[in-house]
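Okay, protein.txt now, which holds compact mmCIF, C-alpha atoms and all ligand atoms:
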```
# COMPACT_ATOMS: atom_id res chain seq x y z
CA MET A 1 117.71 122.63 29.16
CA ILE A 2 120.05 120.37 31.09
CA ASP A 3 123.18 119.91 28.90
CA ALA A 4 123.18 116.15 29.46
CA ASN A 5 119.66 115.95 27.97
CA ASN A 6 120.55 117.52 24.61
CA PRO A 7 119.00 115.25 21.95
CA SER A 8 121.98 115.86 19.64
CA LEU A 9 124.52 114.35 22.05
CA LYS A 10 126.30 111.23 20.87
CA SER A 11 128.54 108.85 22.76
CA TRP A 12 131.71 107.03 21.75
CA VAL A 13 129.94 103.98 23.16
CA GLU A 14 127.84 102.37 20.45
CA VAL A 15 124.18 102.57 21.48
CA PRO A 16 121.70 100.38 19.56
CA LYS A 17 118.74 102.30 18.14
CA GLN A 18 116.04 100.91 20.43
CA SER A 19 118.23 100.93 23.53
CA ASP A 20 116.73 102.14 26.82
CA PHE A 21 120.07 103.72 27.67
CA PRO A 22 121.28 106.43 25.29
CA ILE A 23 123.71 109.07 26.55
CA GLN A 24 120.68 111.25 27.47
CA ASN A 25 119.57 108.73 30.12
CA LEU A 26 122.51 107.61 32.33
CA PRO A 27 120.57 105.92 35.16
CA PHE A 28 122.31 104.66 38.30
CA GLY A 29 122.39 101.06 39.52
CA ILE A 30 124.36 98.50 41.52
CA PHE A 31 125.94 95.54 39.77
CA LYS A 32 128.43 92.75 40.26
CA THR A 33 130.50 90.62 37.90
CA LYS A 34 132.65 87.52 38.15
CA TYR A 35 135.51 89.79 39.24
CA LEU A 36 133.76 92.69 41.00
CA SER A 37 131.63 92.64 44.14
CA ALA A 38 128.66 95.03 44.33
CA VAL A 39 129.58 98.45 42.94
CA ALA A 40 127.74 101.43 41.48
CA GLY A 41 127.45 101.90 37.75
CA VAL A 42 125.73 103.86 35.02
CA ALA A 43 123.98 102.24 32.04
CA ILE A 44 125.04 103.26 28.53
CA GLY A 45 123.78 101.25 25.55
CA ASN A 46 124.50 97.58 26.19
CA HIS A 47 127.22 98.43 28.72
CA VAL A 48 127.65 99.46 32.33
CA LEU A 49 130.16 102.15 33.24
CA ASP A 50 131.96 101.32 36.49
CA LEU A 51 131.76 104.41 38.74
CA VAL A 52 134.25 102.99 41.25
CA TYR A 53 136.92 102.74 38.58
CA LEU A 54 136.23 106.29 37.36
CA HIS A 55 136.30 107.67 40.89
CA GLU A 56 139.47 105.80 41.95
CA HIS A 57 141.29 107.01 38.86
CA GLY A 58 140.48 110.67 39.34
CA TYR A 59 137.82 111.19 36.70
CA LEU A 60 135.32 112.46 39.27
CA ASP A 61 137.77 114.63 41.21
CA GLY A 62 136.74 118.03 42.51
CA MET A 63 133.15 117.01 43.13
CA GLY A 64 133.51 116.48 46.88
CA LEU A 65 132.78 112.77 46.64
CA SER A 66 134.25 110.75 49.51
CA SER A 67 136.44 107.80 48.58
CA GLY A 68 134.41 104.61 48.51
CA ILE A 69 131.10 106.38 47.90
CA PHE A 70 130.44 104.14 44.89
CA ASN A 71 132.14 101.06 46.29
CA GLN A 72 129.06 99.97 48.24
CA LYS A 73 126.19 97.52 48.10
CA TYR A 74 123.64 100.31 47.77
CA LEU A 75 123.34 103.83 46.34
CA ASN A 76 121.92 105.26 49.59
CA ASP A 77 125.07 107.14 50.68
CA PHE A 78 125.49 108.63 47.23
CA PHE A 79 121.83 109.63 47.02
CA ALA A 80 122.06 111.16 50.51
CA LEU A 81 124.36 113.81 48.97
CA GLY A 82 121.19 115.22 47.43
CA ARG A 83 119.53 115.94 44.15
CA LYS A 84 122.14 118.58 43.15
CA LYS A 85 125.08 116.20 43.60
CA ILE A 86 123.29 113.43 41.71
CA SER A 87 122.81 115.89 38.83
CA GLU A 88 126.49 116.91 38.94
CA VAL A 89 127.68 113.32 38.73
CA ARG A 90 125.28 112.53 35.88
CA ASN A 91 126.49 115.66 34.03
CA ARG A 92 130.14 114.68 34.51
CA VAL A 93 129.51 111.11 33.31
CA SER A 94 127.74 112.59 30.29
CA GLU A 95 130.85 114.65 29.47
CA LEU A 96 133.12 111.63 29.79
CA LEU A 97 130.94 109.59 27.45
CA ARG A 98 130.55 112.20 24.67
CA HIS A 99 131.91 111.19 21.30
CA ASP A 100 134.26 114.18 21.17
CA ASN A 101 135.70 113.63 24.66
CA ASP A 102 138.86 111.56 24.89
CA GLU A 103 139.60 111.88 28.62
CA LEU A 104 139.02 108.15 28.95
CA ASN A 105 141.72 106.57 26.82
CA VAL A 106 141.35 103.28 25.03
CA ALA A 107 142.84 101.24 27.87
CA THR A 108 140.58 102.90 30.46
CA ARG A 109 137.51 102.39 28.30
CA GLU A 110 138.31 98.68 28.10
CA ILE A 111 138.32 98.35 31.89
CA ALA A 112 135.62 100.82 32.94
CA LEU A 113 133.03 99.70 30.41
CA ILE A 114 131.54 96.26 31.03
CA PRO A 115 129.09 94.48 28.71
CA MET A 116 125.66 94.06 30.32
CA SER A 117 125.81 90.38 29.42
CA GLU A 118 128.63 90.03 31.98
CA VAL A 119 126.95 91.78 34.91
CA GLN A 120 124.29 90.85 37.38
CA MET A 121 122.10 93.73 38.49
CA LEU A 122 121.41 93.95 42.23
CA MET A 123 118.98 95.93 44.38
CA PRO A 124 120.12 99.53 43.78
CA VAL A 125 119.02 100.90 47.15
CA ARG A 126 118.40 99.68 50.64
CA ILE A 127 114.74 100.57 51.10
CA PRO A 128 113.95 101.63 54.66
CA ASN A 129 110.29 102.35 53.99
CA TYR A 130 107.81 101.47 51.29
CA THR A 131 104.54 103.27 50.71
CA ASP A 132 102.02 102.32 48.06
CA PHE A 133 99.52 104.86 46.76
CA TYR A 134 96.27 104.30 44.90
CA SER A 135 96.46 107.26 42.57
CA SER A 136 94.99 106.15 39.24
CA GLU A 137 91.37 107.22 38.95
CA GLU A 138 90.68 104.56 36.32
CA HIS A 139 92.10 101.78 38.54
CA ALA A 140 90.26 102.95 41.66
CA THR A 141 87.04 103.25 39.62
CA ASN A 142 87.40 99.78 38.12
CA VAL A 143 88.09 98.15 41.49
CA GLY A 144 85.31 100.11 43.18
CA SER A 145 82.86 99.09 40.43
CA MET A 146 83.80 95.44 40.70
CA PHE A 147 83.74 95.10 44.48
CA ARG A 148 81.29 97.74 45.66
CA ASP A 149 78.98 99.86 43.54
CA PRO A 150 79.53 101.02 39.94
CA LYS A 151 77.48 104.16 40.68
CA ASN A 152 79.69 105.12 43.63
CA ALA A 153 82.93 103.49 42.58
CA LEU A 154 85.18 106.11 44.18
CA LEU A 155 84.90 106.50 47.94
CA PRO A 156 84.16 110.06 49.18
CA ASN A 157 87.78 110.79 50.17
CA TRP A 158 89.38 109.72 46.88
CA LYS A 159 89.41 113.08 45.09
CA HIS A 160 90.46 114.96 48.22
CA LEU A 161 93.65 113.09 49.12
CA PRO A 162 96.07 110.59 47.57
CA VAL A 163 95.00 107.39 49.33
CA GLY A 164 97.93 105.16 50.37
CA TYR A 165 99.12 102.56 52.85
CA HIS A 166 102.43 101.48 54.35
CA GLY A 167 103.75 98.38 52.60
CA ARG A 168 106.49 95.89 53.39
CA ALA A 169 110.05 96.90 52.42
CA SER A 170 111.82 93.61 53.25
CA SER A 171 110.23 91.66 50.41
CA ILE A 172 110.99 94.12 47.60
CA VAL A 173 113.36 92.37 45.21
CA VAL A 174 115.20 93.28 42.05
CA THR A 175 114.18 92.11 38.57
CA GLY A 176 114.95 88.47 37.85
CA THR A 177 114.24 87.27 41.39
CA ASN A 178 111.55 84.62 41.04
CA LEU A 179 108.78 84.34 43.62
CA HIS A 180 106.76 81.43 44.95
CA ARG A 181 102.98 81.49 44.77
CA PRO A 182 101.78 82.67 48.17
CA LYS A 183 99.60 80.58 50.46
CA GLY A 184 97.10 81.98 52.89
CA GLN A 185 93.56 82.23 54.15
CA ILE A 186 90.93 82.37 51.48
CA LYS A 187 87.20 82.32 51.98
CA PRO A 188 85.42 80.50 49.14
CA THR A 189 82.09 82.10 48.25
CA ASP A 190 80.20 78.84 48.89
CA SER A 191 81.71 78.26 52.33
CA GLU A 192 81.06 79.71 55.79
CA GLN A 193 84.65 79.08 56.87
CA PRO A 194 87.98 80.16 55.37
CA VAL A 195 90.46 77.61 54.04
CA TYR A 196 94.26 77.65 53.92
CA CYS A 197 95.68 77.00 50.44
CA PRO A 198 97.82 78.46 47.66
CA SER A 199 96.31 81.60 46.11
CA HIS A 200 94.30 80.98 42.94
CA LYS A 201 94.35 84.66 42.01
CA VAL A 202 97.96 85.85 41.80
CA ASP A 203 98.01 89.17 39.96
CA PHE A 204 100.49 91.82 38.89
CA GLU A 205 100.08 95.55 39.45
CA LEU A 206 101.72 97.85 36.91
CA GLU A 207 103.29 100.70 38.87
CA VAL A 208 106.05 103.30 38.80
CA GLY A 209 107.88 104.13 42.03
CA PHE A 210 110.03 107.04 43.10
CA ILE A 211 113.07 106.88 45.39
CA THR A 212 113.83 109.67 47.84
CA CYS A 213 117.29 111.16 48.42
CA THR A 214 116.75 113.21 51.57
CA GLU A 215 116.01 112.69 55.20
CA THR A 216 113.55 114.92 57.03
CA LYS A 217 113.00 115.30 60.76
CA LEU A 218 109.86 114.23 62.53
CA GLY A 219 107.39 117.11 62.41
CA GLN A 220 108.72 118.52 59.11
CA SER A 221 106.58 118.64 55.99
CA ILE A 222 107.53 118.79 52.33
CA SER A 223 105.63 121.18 50.07
CA THR A 224 104.50 120.32 46.56
CA LYS A 225 106.88 123.10 45.41
CA ASN A 226 109.96 121.45 46.97
CA ALA A 227 108.91 117.83 46.58
CA GLU A 228 111.02 117.08 43.50
CA ASP A 229 114.22 118.21 45.31
CA ASN A 230 113.73 115.10 47.44
CA ILE A 231 113.39 112.62 44.57
CA ALA A 232 116.45 110.86 43.10
CA GLY A 233 114.61 109.05 40.35
CA LEU A 234 112.06 106.50 39.23
CA VAL A 235 111.82 102.73 38.80
CA LEU A 236 109.28 100.31 37.34
CA PHE A 237 107.45 98.36 39.99
CA ASN A 238 105.27 95.25 40.09
CA ASP A 239 103.26 95.15 43.29
CA TRP A 240 102.32 91.45 43.14
CA SER A 241 98.92 90.82 44.69
CA ALA A 242 96.93 87.74 45.68
CA ARG A 243 93.35 88.83 45.04
CA ASP A 244 91.63 85.98 46.90
CA ILE A 245 93.74 86.51 50.03
CA GLN A 246 93.22 90.26 49.69
CA GLN A 247 89.44 90.01 49.44
CA TRP A 248 89.13 88.15 52.74
CA GLU A 249 91.79 89.95 54.78
CA TYR A 250 91.57 93.60 53.75
CA VAL A 251 88.66 94.73 55.95
CA PRO A 252 89.04 97.05 57.81
CA LEU A 253 92.77 97.90 57.66
CA GLY A 254 93.67 97.29 54.02
CA PRO A 255 96.29 95.15 52.26
CA PHE A 256 98.51 92.82 54.30
CA LEU A 257 99.58 89.28 53.32
CA ALA A 258 98.02 89.64 49.87
CA LYS A 259 100.77 92.11 48.99
CA ASN A 260 103.83 91.47 51.15
CA PHE A 261 105.00 88.15 49.69
CA GLY A 262 107.09 90.01 47.14
CA SER A 263 107.30 93.09 44.95
CA THR A 264 109.59 93.41 41.94
CA MET A 265 111.48 96.52 40.87
CA SER A 266 113.63 97.42 37.89
CA PRO A 267 117.38 97.77 38.62
CA TRP A 268 118.14 101.21 37.16
CA ILE A 269 117.12 104.42 38.87
CA VAL A 270 116.23 106.80 36.07
CA THR A 271 116.85 110.33 37.36
CA LEU A 272 114.20 113.03 37.33
CA ASP A 273 116.79 115.05 35.36
CA ALA A 274 116.68 112.53 32.51
CA LEU A 275 112.87 112.63 32.54
CA GLU A 276 112.70 116.43 32.50
CA PRO A 277 111.86 116.65 28.74
CA PHE A 278 108.84 114.37 29.24
CA ARG A 279 106.80 116.50 31.62
CA VAL A 280 103.11 116.75 30.81
CA LYS A 281 100.02 118.17 32.43
CA GLY A 282 98.07 115.67 34.53
CA PRO A 283 94.29 115.18 34.59
CA ASP A 284 92.21 118.18 35.76
CA GLN A 285 91.45 117.86 39.43
CA HIS A 286 87.88 118.54 40.51
CA PRO A 287 86.88 119.34 43.18
CA HIS A 288 89.72 121.75 43.95
CA VAL A 289 92.25 120.27 46.30
CA LEU A 290 93.16 121.78 49.67
CA PRO A 291 95.95 124.40 49.45
CA TYR A 292 98.71 122.03 50.69
CA LEU A 293 97.98 119.76 47.69
CA SER A 294 97.85 122.50 45.06
CA PHE A 295 100.82 122.77 42.73
CA GLU A 296 102.21 124.71 39.81
CA GLY A 297 103.62 123.52 36.51
CA ASP A 298 103.50 120.17 34.76
CA ARG A 299 104.08 117.42 37.31
CA ASN A 300 103.10 114.33 35.36
CA PHE A 301 105.48 112.43 33.08
CA ASP A 302 104.77 110.84 29.72
CA ILE A 303 106.21 107.36 30.23
CA GLN A 304 104.84 104.54 28.08
CA LEU A 305 104.35 101.30 29.98
CA GLU A 306 103.87 97.75 28.75
CA VAL A 307 103.13 94.48 30.51
CA PHE A 308 103.94 91.10 28.97
CA ILE A 309 103.06 87.59 30.13
CA GLN A 310 105.33 84.76 29.10
CA PRO A 311 103.90 81.30 29.85
CA ASP A 312 106.45 78.56 30.54
CA LYS A 313 108.37 77.50 27.41
CA SER A 314 106.31 79.88 25.26
CA GLU A 315 106.62 83.33 23.75
CA ALA A 316 105.76 86.53 25.60
CA THR A 317 102.64 88.47 24.69
CA THR A 318 101.63 92.04 25.49
CA VAL A 319 98.61 92.19 27.80
CA SER A 320 98.56 95.89 28.68
CA ARG A 321 99.76 99.24 27.33
CA SER A 322 99.41 102.14 29.74
CA ASN A 323 101.13 105.42 30.57
CA PHE A 324 102.40 107.06 33.76
CA LYS A 325 100.79 110.33 32.59
CA TYR A 326 97.33 109.01 33.54
CA MET A 327 98.04 109.39 37.26
CA TYR A 328 95.41 111.61 38.90
CA TRP A 329 97.64 112.42 41.88
CA ASN A 330 101.24 113.35 40.99
CA MET A 331 104.42 112.56 42.93
CA CYS A 332 104.63 116.08 44.41
CA GLN A 333 101.14 115.76 45.84
CA GLN A 334 101.89 112.27 47.14
CA LEU A 335 105.02 113.41 48.98
CA ALA A 336 103.32 116.57 50.31
CA HIS A 337 100.40 114.54 51.58
CA HIS A 338 102.67 111.85 53.06
CA THR A 339 104.54 114.42 55.15
CA VAL A 340 101.77 116.92 55.91
CA ASN A 341 101.33 115.33 59.34
CA GLY A 342 105.06 115.48 60.11
CA CYS A 343 105.93 111.93 59.03
CA ASN A 344 109.69 111.81 58.32
CA ILE A 345 111.09 110.43 55.09
CA GLN A 346 114.41 108.62 54.65
CA VAL A 347 117.00 108.17 51.91
CA GLY A 348 116.07 105.21 49.71
CA ASP A 349 112.38 105.15 50.59
CA LEU A 350 110.21 103.78 47.81
CA TYR A 351 106.88 105.43 47.00
CA ALA A 352 104.86 103.49 44.46
CA SER A 353 102.15 105.06 42.33
CA GLY A 354 99.49 102.43 42.69
CA THR A 355 98.27 100.45 39.70
CA ILE A 356 98.37 102.61 36.58
CA SER A 357 95.29 101.99 34.46
CA GLY A 358 94.40 104.09 31.45
CA PRO A 359 90.94 104.83 30.05
CA SER A 360 90.65 101.87 27.64
CA PRO A 361 90.43 98.17 28.61
CA GLY A 362 93.75 97.44 26.87
CA SER A 363 95.45 99.89 29.21
CA TYR A 364 94.36 98.37 32.50
CA GLY A 365 97.26 97.68 34.86
CA SER A 366 96.21 94.40 36.51
CA MET A 367 94.69 91.04 35.58
CA LEU A 368 91.85 91.84 37.99
CA GLU A 369 90.78 94.62 35.62
CA LEU A 370 91.95 93.10 32.30
CA THR A 371 89.89 89.93 32.86
CA TRP A 372 87.28 91.67 35.02
CA ASN A 373 87.97 89.37 37.97
CA GLY A 374 88.33 86.32 35.75
CA GLN A 375 85.11 86.78 33.77
CA LYS A 376 86.91 87.62 30.52
CA PRO A 377 90.05 85.48 30.27
CA LEU A 378 92.98 86.62 28.12
CA HIS A 379 94.16 84.39 25.27
CA MET A 380 97.83 83.45 25.16
CA PRO A 381 99.63 82.73 21.85
CA ASN A 382 100.19 79.11 22.97
CA GLY A 383 96.41 78.51 23.00
CA THR A 384 95.92 78.71 26.76
CA GLU A 385 93.81 81.22 28.69
CA ARG A 386 94.69 83.39 31.65
CA LYS A 387 92.31 84.68 34.31
CA PHE A 388 95.19 85.34 36.67
CA ILE A 389 98.91 84.44 36.74
CA GLU A 390 99.68 80.71 36.61
CA ASP A 391 102.69 78.78 37.91
CA ASN A 392 105.83 79.34 35.83
CA ASP A 393 104.37 82.40 34.09
CA THR A 394 106.83 85.26 33.79
CA VAL A 395 105.50 88.81 34.04
CA LEU A 396 107.62 91.51 32.45
CA ILE A 397 107.07 95.26 32.71
CA LYS A 398 108.84 97.67 30.39
CA GLY A 399 108.72 101.44 30.33
CA PHE A 400 110.19 104.23 28.28
CA ALA A 401 109.70 107.89 27.42
CA GLU A 402 110.34 108.92 23.83
CA LYS A 403 110.63 112.30 22.10
CA ASN A 404 112.83 114.00 19.50
CA GLY A 405 114.49 110.70 18.66
CA VAL A 406 115.56 110.12 22.27
CA ARG A 407 114.26 107.11 24.17
CA ILE A 408 114.73 107.09 27.94
CA GLY A 409 114.00 103.57 29.20
CA PHE A 410 114.01 101.72 32.49
CA GLY A 411 115.27 98.25 31.56
CA GLU A 412 113.29 95.26 32.74
CA CYS A 413 111.07 94.59 35.74
CA LYS A 414 110.60 90.85 35.48
CA ALA A 415 109.85 87.83 37.64
CA LYS A 416 108.48 84.32 37.34
CA ILE A 417 105.84 82.89 39.65
CA LEU A 418 107.04 79.49 40.84
CA PRO A 419 104.71 76.88 42.35
CA ALA A 420 103.84 77.32 46.04
CA LEU A 421 106.41 75.86 48.44
CA CA B 1 99.56 98.49 44.52
```

Give the structure from the file, written as structure tokens.
Ligand code: CA
Amino acid sequence: MIDANNPSLKSWVEVPKQSDFPIQNLPFGIFKTKYLSAVAGVAIGNHVLDLVYLHEHGYLDGMGLSSGIFNQKYLNDFFALGRKKISEVRNRVSELLRHDNDELNVATREIALIPMSEVQMLMPVRIPNYTDFYSSEEHATNVGSMFRDPKNALLPNWKHLPVGYHGRASSIVVTGTNLHRPKGQIKPTDSEQPVYCPSHKVDFELEVGFITCTETKLGQSISTKNAEDNIAGLVLFNDWSARDIQQWEYVPLGPFLAKNFGSTMSPWIVTLDALEPFRVKGPDQHPHVLPYLSFEGDRNFDIQLEVFIQPDKSEATTVSRSNFKYMYWNMCQQLAHHTVNGCNIQVGDLYASGTISGPSPGSYGSMLELTWNGQKPLHMPNGTERKFIEDNDTVLIKGFAEKNGVRIGFGECKAKILPAL
């Protein structure tokens, strides 16, 4: 077991019982305050620990960290030091925060520990490349049933390779960044010609993404065995989608303007180290996959996921409960497949899972599936109905893994849809 994951560890920082950020988590992020420009920090309870302060005052000495490594707008340079270094820093921060460690004296604690209420979380990484997979069998089956043929919902390739496409990195934004309803070409069913108008079918997609911490050369491939060495950690991800734009534009090359108007991610990168205790076996894969996609060990993670909709001036209500463990294709297979042709990866790349739907209707990861393309509207506590996301609705995704009294959470992935510009 990784020392920093020991369920019996306690911190001198008070951590509320249902906090996403006990001492066993220690995710990395970038924040600013009234007094500090963008710097790197670690979440602990309702506080953020300032890594720049710790580093400048010698608490991270002897780790080979260059000066200024945390005093940056993004975590990319730190992550580029590799999985091992990320683990070392997390382990050292864990030591410093333990209840029986007094290396940080009272005065230092006052300065280095900042209440979350006083910080603004920023994009934690600069994302050079964004890939979106389509790796939930339940989601692919639901969409295939709705739009093609329930008897042949999965296309012939689906169980042989993790289907994916290259998305748009420039429009990925951090939680709390509101987005305008997209406009575009839509073809009404009763019309021969398309029209240009705001989307009537804005949807969320419940996803988890992983961030890479290595750079490979063109021509190199990553094996399923080594894949996790290239992954810094995970985030929650909402791959906003405009279903009416998507339906008209996607043939034959796949998603384009229906997806690239904005995607929301959570601000804390939860390390694979912190998620180690939550490994589980994934679904059985039949037919057998080709050798480059075969893998050993448990490569899925038991992370509970929830989606809430909060209409304007109203309370939030849960619309979906799913789990990352349902993924048919795991992250190791996704990365192995992505690079099998020699495609190079870069530090800070984001690889999203694809919509994570579970087996029961309450676990579907999009409005498209939850309302079956609008046929079965959801009821909101304020008496209104939702087929898709309306103006001024806020969509919130939460996620956490829980075991042995330890809850490893991700914080919030949240955004409001504003009226079209
Ligand atoms: Ca997606």

Worksheet item: Between A:Asp312, A:Glu207, A:Glu296, A:Asp244, which has the minimum distance to ligand CA 1 (chain B) (counting all atoms listed in the file)?
Response: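 That would be A:Glu207, the residue with the smallest distance to ligand CA 1 (chain B).
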
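Distances to A:Leu97 were evaluated for A:Val39, A:Ile69, A:Val15, A:Leu154 using all atoms listed in the file, and the minimum falls at A:Val15.
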
Practice prompt. For ligand CA 1 (chain B), collect every residue having any atom at a distance of at most 12 Å from a ligand atom (counting only C-alpha atoms and all ligand atoms); output as a count of residues only.
Written response: 49

Discussion item. Measuring between all atoms listed in the file, which one of A:Tyr53, A:Val340, A:Pro361, A:Cys413 shows the shortest distance to A:Gln220?
Written reply: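 The closest residue to A:Gln220 is A:Val340.
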
Expected axis-aligned box over every listed atom of stretch 53-69 of chain A, 8 Å added per side, centre plus edges in Å to one decimal, as AutoDock Vina command-line options:
```
--center_x 136.2 --center_y 110.4 --center_z 43.1 --size_x 26.2 --size_y 31.3 --size_z 28.8
```

Discussion item. I'd like the interatomic distance between atom CA of A:Asn71 and atom CA of A:Ala40, to a tenth of an Å.
Written reply: 6.5 Å

Worksheet entry | stretch 381-393 of chain A surroundings by all atoms listed in the file, 7 Å radius, close-in-sequence under 3 positions cut, as a PyMOL selection string | chain A and resi 201-203+309-312+314+367+371+374+377-378+416-419

Worksheet item: Once you count only C-alpha atoms, which residues end up no further than 10 Å from (112.6, 86.7, 47.1) in the file's frame, shown as a PyMOL selection string?
Response: chain A and resi 170-174+176-180+261-264+415

Worksheet entry | Long-range neighbours of A:Lys398 as number ranges by chain, 7 Å cut-off, all atoms listed in the file, 6 positions minimum in chain | A: 305-307, 410-413

Worksheet item: Which polymer residues have any atom within 8 Å of an atom of A:Ile303, counting all atoms listed in the file, with same-chain residues fewer than 2 positions away left out, as a ChimeraX atom specification?
Response: /A:278,301,305,323-325,399-402

Practice prompt. Grab the atom CA of A:Tyr364 to atom CA of A:Thr224 distance for me, in Å with one decimal place.
Written response: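 Calculated distance between atom CA of A:Tyr364 and atom CA of A:Thr224 is 28.0 Å.
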
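Of the listed residues A:Ile231, A:Cys197, A:Val270, A:Val289, the one whose atoms come nearest to A:Asp20 is A:Val270, with distances taken using all atoms listed in the file.
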
Discussion item. Between atom CA of A:Glu249 and atom CA of A:Pro182, what distance in Å does the model show, to one decimal?
Written reply: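 About the pair atom CA of A:Glu249 and atom CA of A:Pro182: they are 14.0 Å apart.
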
Fill in: Spatial neighbours of stretch 406-408 of chain A, max dist 8 Å, all atoms listed in the file, sep filter under 3 positions, as an MDAnalysis selection string
chainID A and resid 7 18:22 24:25 274:275 400:403

Discussion item. Quick one: residues within 9 Å of A:Ile23, all atoms listed in the file, excluding same-chain residues fewer than 2 positions away - as a VMD selection string?
Written reply: chain A and resid 4 to 5 9 to 11 13 15 21 25 to 26 43 to 45 94 97 to 98

Worksheet item: Got a sec to check which residues sit within 10 Å of (115.0, 114.3, 45.9), counting all atoms listed in the file, and write them as JSON, numbers by chain?
Response: {"A": [79, 80, 81, 82, 83, 84, 86, 210, 211, 212, 213, 214, 215, 226, 227, 228, 229, 230, 231, 232, 233, 271, 272, 347, 348]}

Practice prompt. Would you please work out which residue, of A:Lys217, A:Lys85, A:Lys34, A:Lys151, is nearest to A:Asn341 when using only C-alpha atoms?
Written response: A:Lys217

Worksheet item: Of the candidates A:Asp190, A:Asn142, A:Tyr35, A:Trp329, which one gets nearest to A:Ser294 if we count only C-alpha atoms?
Response: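 So, comparing all the options, the nearest one is A:Trp329.
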